[in-house]
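Asker: The structure is given below, and queries will be raised subsequently.
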There are 2 protein chains.
Amino acid sequence: MANQKWLNSAEMKAWRGFVSTSYDLLNLIARDLEPFGIDGGDYQLLAMLSEAPNQKLKMCDLAEKLRLSRSGLTRRMEGVMKAKYVSQIRDEDDGRVIFAHLTKKGYDFIKTIAPHHLKSVRNRMIDLLSPAEIKAFGSGFEKIAKNVNSSD
Amino acid sequence: MANQKWLNSAEMKAWRGFVSTSYDLLNLIARDLEPFGIDGGDYQLLAMLSEAPNQKLKMCDLAEKLRLSRSGLTRRMEGVMKAKYVSQIRDEDDGRVIFAHLTKKGYDFIKTIAPHHLKSVRNRMIDLLSPAEIKAFGSGFEKIAKNVNSSD
DNA sequence: TACAACTAGTTGCGAGCACAACTATATCAT
DNA sequence: ATGATATAGTTGTGCTCGCAACTAGTTGTA
């Protein structure tokens, strides 16, 4: 175990770049949303719902997509429900289940903000990369994700 | 502003892959450290000090490297100081400054753990990527970092 | 020298999160 | 049917963090 192959300089650059930059990048993109009166967590929540069939998801599925615990989502829902962006609907077939549902107001809201978010993602990441880098990010993260998800 | 160019499929794959995978990856690598009795935050702290000249850094510089607020670092120091991995040393020249200093015990500790961490980084990321992907991650994050840092 | 402005670090406090315990409902085995 | 087990969601609690306010020490200006 003490006899590990250390990272060569290209590997080190990739690892260090990823670790030290990804936090800052995600943070900046989240901050770009604040002038529009929403934080990154709420934006992700509305975005997930807007892409879901009928703009609704079971609470537990939504929590998993957002990388939140079930309790974490319960609390985060308080804000977006108070703002009337999301409502809750009991499932008629399974009494345990509650759907989070994007309201018309929530839909209109995220439609308005999405172009700004898109611009932020372009300016801070996508438009800085060459086509080859874009492709490598896509294939690289795909491999990493496969491995991550097989680790349960 | 409503007339933004949407992401094409390669761009979308790169962005989505990055967003949804980077959190999980960093999380898993941090969890790999837990069997050794340390969390990701403390590991990063010890690692930064181990690479610094004389194994010491001013508190404010260390906070910046760790992406912590000054108060956040003050609190995190409590744990590693209690474990005797780090000590604090007042600067003789500037009475405001305190150095965080890696102790012998802290140095030995991180030396022991580093190979396991390295193995984790290899297994979960580096060894999954082709040389071309490694290179693209390195150059890509370098460009992103330059842009991020120019945004103050 | 003396006073203002700045910098380093700590403390009070509140936000956001996970974990454990709990309630309610559903499913499965006999 | 019925009792054990599993699943969905909420509530209580504690941890980590950032922000604002504070203390202490330094630097700049006159």
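By convention in this document, the chains of the structure tokens carry letters A, B, ... by their order, each chain's residues are numbered from 1, and ligands are numbered from 1 in the order they are shown.
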Quick one: residues within 9 Å of Val80 of chain A, only C-alpha atoms (C1' of nucleotides), excluding same-chain residues fewer than 6 positions away - as a count of residues only?

Answerer: 6

Asker: Tell me which protein, DNA and RNA residues are within 12 Å of DA24 of chain D, counting only C-alpha atoms (C1' of nucleotides), leaving out same-chain ones fewer than 2 positions away, and put them as a list of chain:residue names.

Answerer: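 Neighbouring residues, sequence-local ones excluded: B:Asp94, B:Gly95, B:Arg96, B:Val97, C:DT7, C:DA8, C:DG9, C:DT10, D:DC22, D:DT26.
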
Asker: Only residues of chain B matter here; which ones have an atom within 8 Å of chain A, counting only C-alpha atoms? Give them as a ChimeraX atom specification.

Answerer: /B:1-4,6,10-11,13-15,17-19,21-22,24-26,28,115-116,118-119,124-126,128-129,132-145,147-148

Asker: Quick check: residues of chain C within 10 Å of chain A, only C-alpha atoms (C1' of nucleotides), returned as a short mmCIF file (atom, residue, chain, number, x, y, z; two decimals) with N, CA, C and O atoms (P, O5', C5', C4', C3', O3' and C1' of nucleotides), in the first residue's frame.

Answerer:
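Result saved to result36.cif:
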```
data_model
loop_
_atom_site.label_atom_id
_atom_site.label_comp_id
_atom_site.auth_asym_id
_atom_site.auth_seq_id
_atom_site.Cartn_x
_atom_site.Cartn_y
_atom_site.Cartn_z
P DG C 16 -31.10 28.97 4.17
"O5'" DG C 16 -30.24 27.65 4.19
"C5'" DG C 16 -28.95 27.66 3.58
"C4'" DG C 16 -28.36 26.29 3.72
"C3'" DG C 16 -29.32 25.16 3.32
"O3'" DG C 16 -28.61 24.24 2.51
"C1'" DG C 16 -28.51 24.80 5.51
P DC C 17 -29.39 23.09 1.73
"O5'" DC C 17 -28.93 21.75 2.44
"C5'" DC C 17 -27.54 21.41 2.42
"C4'" DC C 17 -27.20 20.57 3.62
"C3'" DC C 17 -28.00 19.28 3.75
"O3'" DC C 17 -27.34 18.24 3.05
"C1'" DC C 17 -27.54 20.34 5.88
P DA C 18 -27.99 16.78 2.93
"O5'" DA C 18 -27.45 16.05 4.25
"C5'" DA C 18 -26.06 16.04 4.54
"C4'" DA C 18 -25.80 15.20 5.78
"C3'" DA C 18 -26.44 13.82 5.76
"O3'" DA C 18 -25.56 12.90 6.40
"C1'" DA C 18 -27.39 15.09 7.54
P DC C 19 -25.89 11.30 6.40
"O5'" DC C 19 -26.39 11.00 7.89
"C5'" DC C 19 -25.59 11.40 9.00
"C4'" DC C 19 -26.35 11.15 10.28
"C3'" DC C 19 -27.12 9.82 10.31
"O3'" DC C 19 -26.84 9.17 11.54
"C1'" DC C 19 -28.56 11.62 10.85
P DA C 24 -49.70 8.92 12.91
"O5'" DA C 24 -49.62 8.50 11.38
"C5'" DA C 24 -49.35 9.51 10.41
"C4'" DA C 24 -49.22 8.86 9.06
"C3'" DA C 24 -50.29 7.79 8.75
"O3'" DA C 24 -50.80 8.01 7.45
"C1'" DA C 24 -48.15 6.91 8.38
P DT C 25 -52.19 7.28 6.99
"O5'" DT C 25 -51.67 6.31 5.84
"C5'" DT C 25 -50.92 6.85 4.76
"C4'" DT C 25 -50.11 5.77 4.14
"C3'" DT C 25 -50.91 4.58 3.63
"O3'" DT C 25 -50.91 4.61 2.22
"C1'" DT C 25 -48.84 3.96 4.64
P DA C 26 -51.61 3.41 1.35
"O5'" DA C 26 -50.45 2.35 1.10
"C5'" DA C 26 -49.27 2.79 0.43
"C4'" DA C 26 -48.29 1.65 0.32
"C3'" DA C 26 -48.86 0.37 -0.30
"O3'" DA C 26 -47.93 -0.06 -1.27
"C1'" DA C 26 -47.80 -0.12 1.75
#
```

Asker: Counting only C-alpha atoms (C1' of nucleotides), a student should be able to say which residues of chain D come within 10 Å of chain B; what is the right answer, written as a list in words?

Answerer: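 For chain D, the answer reads DT16, DC17, DG18, DC19, DA24, DG25 and DT26 of chain D.
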
Asker: Please report, as a tab-separated table (two decimals) with N, CA, C and O atoms, in the first residue's frame, each residue of chain A to which DSSP assigns alpha helix (DSSP H) when run on this structure's backbone.

Answerer:
```tsv
chain	number	residue	atom	x	y	z
A	9	SER	N	2.99	14.69	-14.00
A	9	SER	CA	2.66	16.11	-13.97
A	9	SER	C	1.34	16.41	-14.68
A	9	SER	O	0.58	17.29	-14.26
A	10	ALA	N	1.04	15.68	-15.75
A	10	ALA	CA	-0.24	15.90	-16.44
A	10	ALA	C	-1.41	15.45	-15.56
A	10	ALA	O	-2.44	16.14	-15.48
A	11	GLU	N	-1.24	14.32	-14.92
A	11	GLU	CA	-2.29	13.83	-14.02
A	11	GLU	C	-2.49	14.77	-12.85
A	11	GLU	O	-3.62	15.08	-12.45
A	12	MET	N	-1.38	15.25	-12.31
A	12	MET	CA	-1.47	16.18	-11.19
A	12	MET	C	-2.20	17.46	-11.59
A	12	MET	O	-3.03	17.98	-10.85
A	13	LYS	N	-1.88	17.94	-12.78
A	13	LYS	CA	-2.52	19.17	-13.26
A	13	LYS	C	-4.02	18.97	-13.42
A	13	LYS	O	-4.82	19.84	-13.06
A	14	ALA	N	-4.40	17.81	-13.95
A	14	ALA	CA	-5.83	17.51	-14.12
A	14	ALA	C	-6.54	17.43	-12.76
A	14	ALA	O	-7.60	18.02	-12.56
A	15	TRP	N	-5.93	16.72	-11.83
A	15	TRP	CA	-6.55	16.54	-10.51
A	15	TRP	C	-6.62	17.86	-9.73
A	15	TRP	O	-7.67	18.27	-9.25
A	16	ARG	N	-5.51	18.55	-9.67
A	16	ARG	CA	-5.47	19.83	-8.94
A	16	ARG	C	-6.42	20.84	-9.57
A	16	ARG	O	-7.12	21.57	-8.89
A	17	GLY	N	-6.41	20.88	-10.89
A	17	GLY	CA	-7.30	21.81	-11.58
A	17	GLY	C	-8.74	21.52	-11.25
A	17	GLY	O	-9.51	22.44	-10.92
A	18	PHE	N	-9.08	20.27	-11.30
A	18	PHE	CA	-10.46	19.89	-10.98
A	18	PHE	C	-10.82	20.25	-9.55
A	18	PHE	O	-11.84	20.92	-9.30
A	19	VAL	N	-10.00	19.84	-8.60
A	19	VAL	CA	-10.32	20.06	-7.19
A	19	VAL	C	-10.43	21.55	-6.86
A	19	VAL	O	-11.39	22.00	-6.27
A	20	SER	N	-9.41	22.30	-7.29
A	20	SER	CA	-9.38	23.68	-6.82
A	20	SER	C	-10.32	24.58	-7.63
A	20	SER	O	-10.74	25.62	-7.15
A	21	THR	N	-10.69	24.18	-8.82
A	21	THR	CA	-11.50	25.05	-9.67
A	21	THR	C	-13.00	24.74	-9.61
A	21	THR	O	-13.82	25.64	-9.73
A	22	SER	N	-13.36	23.48	-9.41
A	22	SER	CA	-14.77	23.13	-9.54
A	22	SER	C	-15.61	23.81	-8.46
A	22	SER	O	-16.71	24.29	-8.72
A	23	TYR	N	-15.05	23.90	-7.24
A	23	TYR	CA	-15.77	24.58	-6.17
A	23	TYR	C	-16.02	26.04	-6.53
A	23	TYR	O	-17.14	26.55	-6.43
A	24	ASP	N	-14.97	26.72	-6.96
A	24	ASP	CA	-15.09	28.14	-7.31
A	24	ASP	C	-16.07	28.36	-8.45
A	24	ASP	O	-16.87	29.30	-8.43
A	25	LEU	N	-15.99	27.50	-9.45
A	25	LEU	CA	-16.84	27.65	-10.63
A	25	LEU	C	-18.32	27.49	-10.27
A	25	LEU	O	-19.15	28.35	-10.62
A	26	LEU	N	-18.64	26.43	-9.56
A	26	LEU	CA	-20.04	26.20	-9.18
A	26	LEU	C	-20.54	27.33	-8.29
A	26	LEU	O	-21.68	27.77	-8.39
A	27	ASN	N	-19.67	27.79	-7.42
A	27	ASN	CA	-20.01	28.89	-6.53
A	27	ASN	C	-20.32	30.17	-7.28
A	27	ASN	O	-21.30	30.86	-6.99
A	28	LEU	N	-19.47	30.50	-8.25
A	28	LEU	CA	-19.67	31.72	-9.03
A	28	LEU	C	-20.96	31.65	-9.83
A	28	LEU	O	-21.71	32.62	-9.91
A	29	ILE	N	-21.22	30.49	-10.43
A	29	ILE	CA	-22.43	30.35	-11.23
A	29	ILE	C	-23.67	30.47	-10.34
A	29	ILE	O	-24.68	31.07	-10.73
A	30	ALA	N	-23.58	29.95	-9.13
A	30	ALA	CA	-24.69	30.11	-8.19
A	30	ALA	C	-24.87	31.58	-7.82
A	30	ALA	O	-25.98	32.09	-7.73
A	31	ARG	N	-23.75	32.27	-7.63
A	31	ARG	CA	-23.84	33.69	-7.25
A	31	ARG	C	-24.40	34.55	-8.36
A	31	ARG	O	-25.01	35.58	-8.11
A	40	GLY	N	-28.67	29.09	-5.62
A	40	GLY	CA	-28.37	27.95	-6.47
A	40	GLY	C	-29.22	26.73	-6.16
A	40	GLY	O	-29.67	26.03	-7.07
A	41	GLY	N	-29.46	26.48	-4.89
A	41	GLY	CA	-30.24	25.31	-4.49
A	41	GLY	C	-31.68	25.38	-4.98
A	41	GLY	O	-32.20	24.41	-5.54
A	42	ASP	N	-32.30	26.53	-4.80
A	42	ASP	CA	-33.67	26.69	-5.28
A	42	ASP	C	-33.73	26.62	-6.81
A	42	ASP	O	-34.67	26.06	-7.38
A	43	TYR	N	-32.72	27.20	-7.46
A	43	TYR	CA	-32.71	27.14	-8.92
A	43	TYR	C	-32.66	25.70	-9.41
A	43	TYR	O	-33.43	25.31	-10.30
A	44	GLN	N	-31.78	24.91	-8.81
A	44	GLN	CA	-31.68	23.50	-9.22
A	44	GLN	C	-33.00	22.78	-9.01
A	44	GLN	O	-33.42	21.98	-9.84
A	45	LEU	N	-33.65	23.09	-7.90
A	45	LEU	CA	-34.93	22.45	-7.60
A	45	LEU	C	-35.96	22.77	-8.68
A	45	LEU	O	-36.61	21.88	-9.26
A	46	LEU	N	-36.10	24.06	-8.99
A	46	LEU	CA	-37.07	24.46	-10.03
A	46	LEU	C	-36.68	23.88	-11.39
A	46	LEU	O	-37.55	23.43	-12.15
A	47	ALA	N	-35.39	23.85	-11.69
A	47	ALA	CA	-34.94	23.33	-12.98
A	47	ALA	C	-35.29	21.85	-13.12
A	47	ALA	O	-35.76	21.41	-14.17
A	48	MET	N	-35.07	21.09	-12.06
A	48	MET	CA	-35.40	19.65	-12.10
A	48	MET	C	-36.89	19.44	-12.35
A	48	MET	O	-37.28	18.60	-13.17
A	49	LEU	N	-37.70	20.22	-11.66
A	49	LEU	CA	-39.14	20.07	-11.84
A	49	LEU	C	-39.57	20.48	-13.24
A	49	LEU	O	-40.44	19.86	-13.86
A	50	SER	N	-38.94	21.53	-13.76
A	50	SER	CA	-39.36	22.03	-15.08
A	50	SER	C	-39.08	21.00	-16.18
A	50	SER	O	-39.73	21.02	-17.22
A	51	GLU	N	-38.10	20.13	-15.93
A	51	GLU	CA	-37.76	19.12	-16.94
A	51	GLU	C	-38.48	17.80	-16.72
A	51	GLU	O	-38.39	16.89	-17.56
A	59	MET	N	-41.18	13.46	-3.94
A	59	MET	CA	-40.21	14.11	-3.06
A	59	MET	C	-38.91	13.31	-2.98
A	59	MET	O	-37.82	13.87	-3.07
A	60	CYS	N	-39.01	12.00	-2.82
A	60	CYS	CA	-37.79	11.22	-2.62
A	60	CYS	C	-36.94	11.18	-3.89
A	60	CYS	O	-35.70	11.20	-3.81
A	61	ASP	N	-37.58	11.16	-5.06
A	61	ASP	CA	-36.81	11.20	-6.31
A	61	ASP	C	-36.14	12.55	-6.50
A	61	ASP	O	-34.99	12.64	-6.94
A	62	LEU	N	-36.88	13.59	-6.16
A	62	LEU	CA	-36.33	14.94	-6.28
A	62	LEU	C	-35.12	15.11	-5.35
A	62	LEU	O	-34.09	15.67	-5.73
A	63	ALA	N	-35.26	14.59	-4.13
A	63	ALA	CA	-34.15	14.67	-3.16
A	63	ALA	C	-32.91	14.00	-3.74
A	63	ALA	O	-31.81	14.55	-3.66
A	64	GLU	N	-33.10	12.85	-4.34
A	64	GLU	CA	-31.95	12.12	-4.88
A	64	GLU	C	-31.30	12.90	-6.02
A	64	GLU	O	-30.08	13.02	-6.08
A	65	LYS	N	-32.11	13.45	-6.90
A	65	LYS	CA	-31.57	14.24	-8.01
A	65	LYS	C	-30.78	15.44	-7.51
A	65	LYS	O	-29.78	15.84	-8.11
A	70	ARG	N	-33.68	13.45	2.53
A	70	ARG	CA	-35.12	13.70	2.51
A	70	ARG	C	-35.46	14.87	3.42
A	70	ARG	O	-36.27	15.74	3.08
A	71	SER	N	-34.81	14.93	4.58
A	71	SER	CA	-35.10	16.04	5.49
A	71	SER	C	-34.60	17.36	4.91
A	71	SER	O	-35.25	18.39	5.06
A	72	GLY	N	-33.48	17.32	4.25
A	72	GLY	CA	-32.97	18.53	3.63
A	72	GLY	C	-33.94	19.09	2.61
A	72	GLY	O	-34.14	20.30	2.52
A	73	LEU	N	-34.55	18.20	1.83
A	73	LEU	CA	-35.52	18.66	0.84
A	73	LEU	C	-36.78	19.21	1.50
A	73	LEU	O	-37.31	20.24	1.08
A	74	THR	N	-37.24	18.54	2.55
A	74	THR	CA	-38.41	19.04	3.29
A	74	THR	C	-38.21	20.51	3.66
A	74	THR	O	-39.09	21.35	3.43
A	75	ARG	N	-37.04	20.81	4.19
A	75	ARG	CA	-36.77	22.20	4.60
A	75	ARG	C	-36.63	23.12	3.41
A	75	ARG	O	-37.11	24.24	3.41
A	76	ARG	N	-35.96	22.67	2.36
A	76	ARG	CA	-35.78	23.55	1.21
A	76	ARG	C	-37.10	23.85	0.52
A	76	ARG	O	-37.30	24.92	-0.06
A	77	MET	N	-38.02	22.91	0.58
A	77	MET	CA	-39.34	23.11	-0.02
A	77	MET	C	-40.07	24.28	0.64
A	77	MET	O	-40.87	24.96	-0.02
A	78	GLU	N	-39.83	24.49	1.93
A	78	GLU	CA	-40.52	25.58	2.63
A	78	GLU	C	-40.38	26.90	1.87
A	78	GLU	O	-41.36	27.61	1.68
A	79	GLY	N	-39.18	27.21	1.43
A	79	GLY	CA	-38.94	28.46	0.73
A	79	GLY	C	-39.68	28.57	-0.59
A	79	GLY	O	-40.38	29.55	-0.83
A	80	VAL	N	-39.52	27.58	-1.43
A	80	VAL	CA	-40.12	27.68	-2.77
A	80	VAL	C	-41.65	27.54	-2.71
A	80	VAL	O	-42.35	28.02	-3.61
A	81	MET	N	-42.16	26.90	-1.65
A	81	MET	CA	-43.61	26.82	-1.50
A	81	MET	C	-44.17	28.15	-1.01
A	81	MET	O	-45.22	28.60	-1.46
A	82	LYS	N	-43.43	28.77	-0.11
A	82	LYS	CA	-43.84	30.09	0.39
A	82	LYS	C	-43.89	31.11	-0.75
A	82	LYS	O	-44.76	31.97	-0.80
A	104	LYS	N	-47.54	27.42	-12.19
A	104	LYS	CA	-47.42	28.34	-13.33
A	104	LYS	C	-46.46	29.47	-12.98
A	104	LYS	O	-45.59	29.84	-13.79
A	105	LYS	N	-46.59	30.00	-11.78
A	105	LYS	CA	-45.70	31.09	-11.36
A	105	LYS	C	-44.24	30.64	-11.34
A	105	LYS	O	-43.35	31.35	-11.80
A	106	GLY	N	-44.02	29.42	-10.84
A	106	GLY	CA	-42.66	28.88	-10.81
A	106	GLY	C	-42.13	28.65	-12.21
A	106	GLY	O	-40.95	28.92	-12.50
A	107	TYR	N	-43.00	28.16	-13.09
A	107	TYR	CA	-42.60	27.91	-14.48
A	107	TYR	C	-42.21	29.22	-15.17
A	107	TYR	O	-41.16	29.31	-15.81
A	108	ASP	N	-43.05	30.23	-15.01
A	108	ASP	CA	-42.75	31.52	-15.63
A	108	ASP	C	-41.46	32.10	-15.08
A	108	ASP	O	-40.65	32.68	-15.81
A	109	PHE	N	-41.27	31.92	-13.78
A	109	PHE	CA	-40.08	32.46	-13.12
A	109	PHE	C	-38.81	31.85	-13.69
A	109	PHE	O	-37.88	32.56	-14.09
A	110	ILE	N	-38.78	30.52	-13.76
A	110	ILE	CA	-37.54	29.90	-14.22
A	110	ILE	C	-37.32	30.14	-15.72
A	110	ILE	O	-36.18	30.27	-16.17
A	111	LYS	N	-38.40	30.24	-16.47
A	111	LYS	CA	-38.27	30.58	-17.89
A	111	LYS	C	-37.58	31.93	-18.07
A	111	LYS	O	-36.81	32.14	-19.02
A	112	THR	N	-37.87	32.85	-17.17
A	112	THR	CA	-37.28	34.19	-17.25
A	112	THR	C	-35.80	34.17	-16.90
A	112	THR	O	-34.99	34.87	-17.50
A	113	ILE	N	-35.46	33.33	-15.91
A	113	ILE	CA	-34.09	33.33	-15.41
A	113	ILE	C	-33.16	32.47	-16.24
A	113	ILE	O	-31.96	32.75	-16.36
A	114	ALA	N	-33.71	31.41	-16.85
A	114	ALA	CA	-32.85	30.43	-17.53
A	114	ALA	C	-31.86	31.05	-18.51
A	114	ALA	O	-30.69	30.63	-18.54
A	115	PRO	N	-32.26	32.04	-19.31
A	115	PRO	CA	-31.29	32.60	-20.26
A	115	PRO	C	-30.10	33.25	-19.57
A	115	PRO	O	-28.98	33.19	-20.08
A	116	HIS	N	-30.33	33.85	-18.42
A	116	HIS	CA	-29.22	34.45	-17.67
A	116	HIS	C	-28.29	33.37	-17.15
A	116	HIS	O	-27.06	33.50	-17.18
A	117	HIS	N	-28.91	32.31	-16.65
A	117	HIS	CA	-28.11	31.19	-16.16
A	117	HIS	C	-27.29	30.59	-17.30
A	117	HIS	O	-26.09	30.31	-17.15
A	118	LEU	N	-27.92	30.41	-18.43
A	118	LEU	CA	-27.23	29.88	-19.60
A	118	LEU	C	-26.03	30.75	-19.96
A	118	LEU	O	-24.93	30.25	-20.23
A	119	LYS	N	-26.24	32.05	-19.95
A	119	LYS	CA	-25.15	32.97	-20.28
A	119	LYS	C	-24.00	32.82	-19.28
A	119	LYS	O	-22.83	32.82	-19.65
A	120	SER	N	-24.36	32.65	-18.02
A	120	SER	CA	-23.37	32.47	-16.97
A	120	SER	C	-22.56	31.19	-17.21
A	120	SER	O	-21.32	31.18	-17.11
A	121	VAL	N	-23.25	30.11	-17.53
A	121	VAL	CA	-22.57	28.83	-17.79
A	121	VAL	C	-21.65	28.95	-19.01
A	121	VAL	O	-20.53	28.46	-19.01
A	122	ARG	N	-22.13	29.62	-20.02
A	122	ARG	CA	-21.29	29.83	-21.21
A	122	ARG	C	-20.06	30.67	-20.88
A	122	ARG	O	-18.94	30.29	-21.18
A	123	ASN	N	-20.27	31.80	-20.24
A	123	ASN	CA	-19.16	32.72	-19.99
A	123	ASN	C	-18.11	32.14	-19.06
A	123	ASN	O	-16.92	32.42	-19.20
A	124	ARG	N	-18.56	31.37	-18.09
A	124	ARG	CA	-17.63	30.91	-17.05
A	124	ARG	C	-17.04	29.55	-17.35
A	124	ARG	O	-16.08	29.14	-16.73
A	131	PRO	N	-13.52	22.73	-28.73
A	131	PRO	CA	-14.38	21.58	-29.02
A	131	PRO	C	-13.79	20.27	-28.48
A	131	PRO	O	-14.51	19.42	-27.97
A	132	ALA	N	-12.46	20.10	-28.60
A	132	ALA	CA	-11.84	18.87	-28.11
A	132	ALA	C	-11.97	18.76	-26.58
A	132	ALA	O	-12.21	17.67	-26.03
A	133	GLU	N	-11.84	19.89	-25.92
A	133	GLU	CA	-11.97	19.87	-24.45
A	133	GLU	C	-13.41	19.59	-24.04
A	133	GLU	O	-13.65	18.83	-23.10
A	134	ILE	N	-14.35	20.19	-24.76
A	134	ILE	CA	-15.76	19.91	-24.50
A	134	ILE	C	-16.04	18.42	-24.60
A	134	ILE	O	-16.68	17.82	-23.73
A	135	LYS	N	-15.52	17.83	-25.67
A	135	LYS	CA	-15.74	16.40	-25.89
A	135	LYS	C	-15.11	15.57	-24.76
A	135	LYS	O	-15.70	14.62	-24.26
A	136	ALA	N	-13.89	15.95	-24.37
A	136	ALA	CA	-13.17	15.21	-23.33
A	136	ALA	C	-13.86	15.35	-21.97
A	136	ALA	O	-13.92	14.39	-21.20
A	137	PHE	N	-14.38	16.53	-21.69
A	137	PHE	CA	-15.14	16.70	-20.44
A	137	PHE	C	-16.36	15.77	-20.45
A	137	PHE	O	-16.67	15.12	-19.46
A	138	GLY	N	-17.04	15.74	-21.58
A	138	GLY	CA	-18.23	14.89	-21.69
A	138	GLY	C	-17.92	13.43	-21.48
A	138	GLY	O	-18.54	12.75	-20.65
A	139	SER	N	-16.93	12.94	-22.21
A	139	SER	CA	-16.61	11.51	-22.10
A	139	SER	C	-15.95	11.19	-20.77
A	139	SER	O	-16.21	10.14	-20.17
A	140	GLY	N	-15.11	12.10	-20.29
A	140	GLY	CA	-14.42	11.87	-19.02
A	140	GLY	C	-15.39	11.78	-17.85
A	140	GLY	O	-15.37	10.82	-17.07
A	141	PHE	N	-16.27	12.76	-17.73
A	141	PHE	CA	-17.22	12.74	-16.62
A	141	PHE	C	-18.21	11.58	-16.75
A	141	PHE	O	-18.71	11.08	-15.74
A	142	GLU	N	-18.47	11.18	-17.99
A	142	GLU	CA	-19.33	10.02	-18.16
A	142	GLU	C	-18.70	8.77	-17.55
A	142	GLU	O	-19.37	8.00	-16.84
A	143	LYS	N	-17.42	8.58	-17.80
A	143	LYS	CA	-16.73	7.42	-17.22
A	143	LYS	C	-16.69	7.51	-15.69
A	143	LYS	O	-16.91	6.52	-14.99
A	144	ILE	N	-16.38	8.70	-15.20
A	144	ILE	CA	-16.30	8.88	-13.75
A	144	ILE	C	-17.66	8.60	-13.12
A	144	ILE	O	-17.76	7.93	-12.10
A	145	ALA	N	-18.71	9.09	-13.76
A	145	ALA	CA	-20.06	8.91	-13.22
A	145	ALA	C	-20.43	7.44	-13.16
A	145	ALA	O	-21.02	6.97	-12.19
A	146	LYS	N	-20.09	6.70	-14.22
A	146	LYS	CA	-20.38	5.26	-14.23
A	146	LYS	C	-19.74	4.59	-13.02
A	146	LYS	O	-20.35	3.78	-12.33
A	147	ASN	N	-18.48	4.94	-12.80
A	147	ASN	CA	-17.74	4.35	-11.68
A	147	ASN	C	-18.33	4.76	-10.33
A	147	ASN	O	-18.51	3.94	-9.43
A	148	VAL	N	-18.65	6.05	-10.21
A	148	VAL	CA	-19.23	6.57	-8.97
A	148	VAL	C	-20.53	5.85	-8.65
A	148	VAL	O	-20.77	5.42	-7.52
A	149	ASN	N	-21.38	5.70	-9.67
A	149	ASN	CA	-22.69	5.11	-9.42
A	149	ASN	C	-22.61	3.62	-9.13
A	149	ASN	O	-23.51	3.07	-8.48
A	150	SER	N	-21.54	2.97	-9.59
A	150	SER	CA	-21.39	1.55	-9.27
A	150	SER	C	-20.88	1.37	-7.84
A	150	SER	O	-20.88	0.26	-7.32
```

Asker: From chain B, collect each residue whose DSSP state is strand (DSSP E) and return the set as a ChimeraX atom specification.

Answerer: /B:56-58,86-90,98-102

Asker: Include N, CA and C atoms and write out the residues we just selected as an mmCIF file, in the first residue's frame.

Answerer:
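Generated file (again_10.cif):
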```cif
data_model
loop_
_atom_site.group_PDB
_atom_site.id
_atom_site.type_symbol
_atom_site.label_atom_id
_atom_site.label_comp_id
_atom_site.auth_asym_id
_atom_site.auth_seq_id
_atom_site.Cartn_x
_atom_site.Cartn_y
_atom_site.Cartn_z
ATOM 1 N N LYS B 56 4.237 25.539 7.575
ATOM 2 C CA LYS B 56 3.394 26.510 8.268
ATOM 3 C C LYS B 56 2.858 27.574 7.324
ATOM 4 N N LEU B 57 1.684 28.067 7.654
ATOM 5 C CA LEU B 57 1.026 29.104 6.861
ATOM 6 C C LEU B 57 0.302 30.066 7.790
ATOM 7 N N LYS B 58 0.247 31.328 7.377
ATOM 8 C CA LYS B 58 -0.579 32.292 8.103
ATOM 9 C C LYS B 58 -2.034 31.831 8.030
ATOM 10 N N VAL B 86 -1.780 19.913 14.514
ATOM 11 C CA VAL B 86 -1.400 21.277 14.147
ATOM 12 C C VAL B 86 -1.272 22.109 15.418
ATOM 13 N N SER B 87 -0.296 23.021 15.420
ATOM 14 C CA SER B 87 -0.177 23.969 16.532
ATOM 15 C C SER B 87 -0.201 25.386 15.980
ATOM 16 N N GLN B 88 -0.376 26.343 16.862
ATOM 17 C CA GLN B 88 -0.373 27.735 16.413
ATOM 18 C C GLN B 88 0.855 28.449 16.961
ATOM 19 N N ILE B 89 1.440 29.284 16.117
ATOM 20 C CA ILE B 89 2.650 30.023 16.500
ATOM 21 C C ILE B 89 2.454 31.491 16.184
ATOM 22 N N ARG B 90 2.608 32.350 17.173
ATOM 23 C CA ARG B 90 2.509 33.797 16.935
ATOM 24 C C ARG B 90 3.699 34.277 16.127
ATOM 25 N N ILE B 98 -0.953 34.829 13.150
ATOM 26 C CA ILE B 98 -0.728 33.526 13.768
ATOM 27 C C ILE B 98 -0.479 32.518 12.655
ATOM 28 N N PHE B 99 0.571 31.722 12.823
ATOM 29 C CA PHE B 99 0.823 30.652 11.866
ATOM 30 C C PHE B 99 0.171 29.360 12.337
ATOM 31 N N ALA B 100 -0.422 28.647 11.414
ATOM 32 C CA ALA B 100 -0.810 27.258 11.663
ATOM 33 C C ALA B 100 0.383 26.407 11.263
ATOM 34 N N HIS B 101 0.800 25.520 12.129
ATOM 35 C CA HIS B 101 2.028 24.748 11.904
ATOM 36 C C HIS B 101 1.770 23.266 12.093
ATOM 37 N N LEU B 102 2.140 22.493 11.070
ATOM 38 C CA LEU B 102 1.977 21.045 11.120
ATOM 39 C C LEU B 102 2.972 20.441 12.109
#
```

Asker: Mind pulling up the distance from atom C1' of DG12 of chain C to atom CA of Asp91 of chain B?

Answerer: 27.0 Å
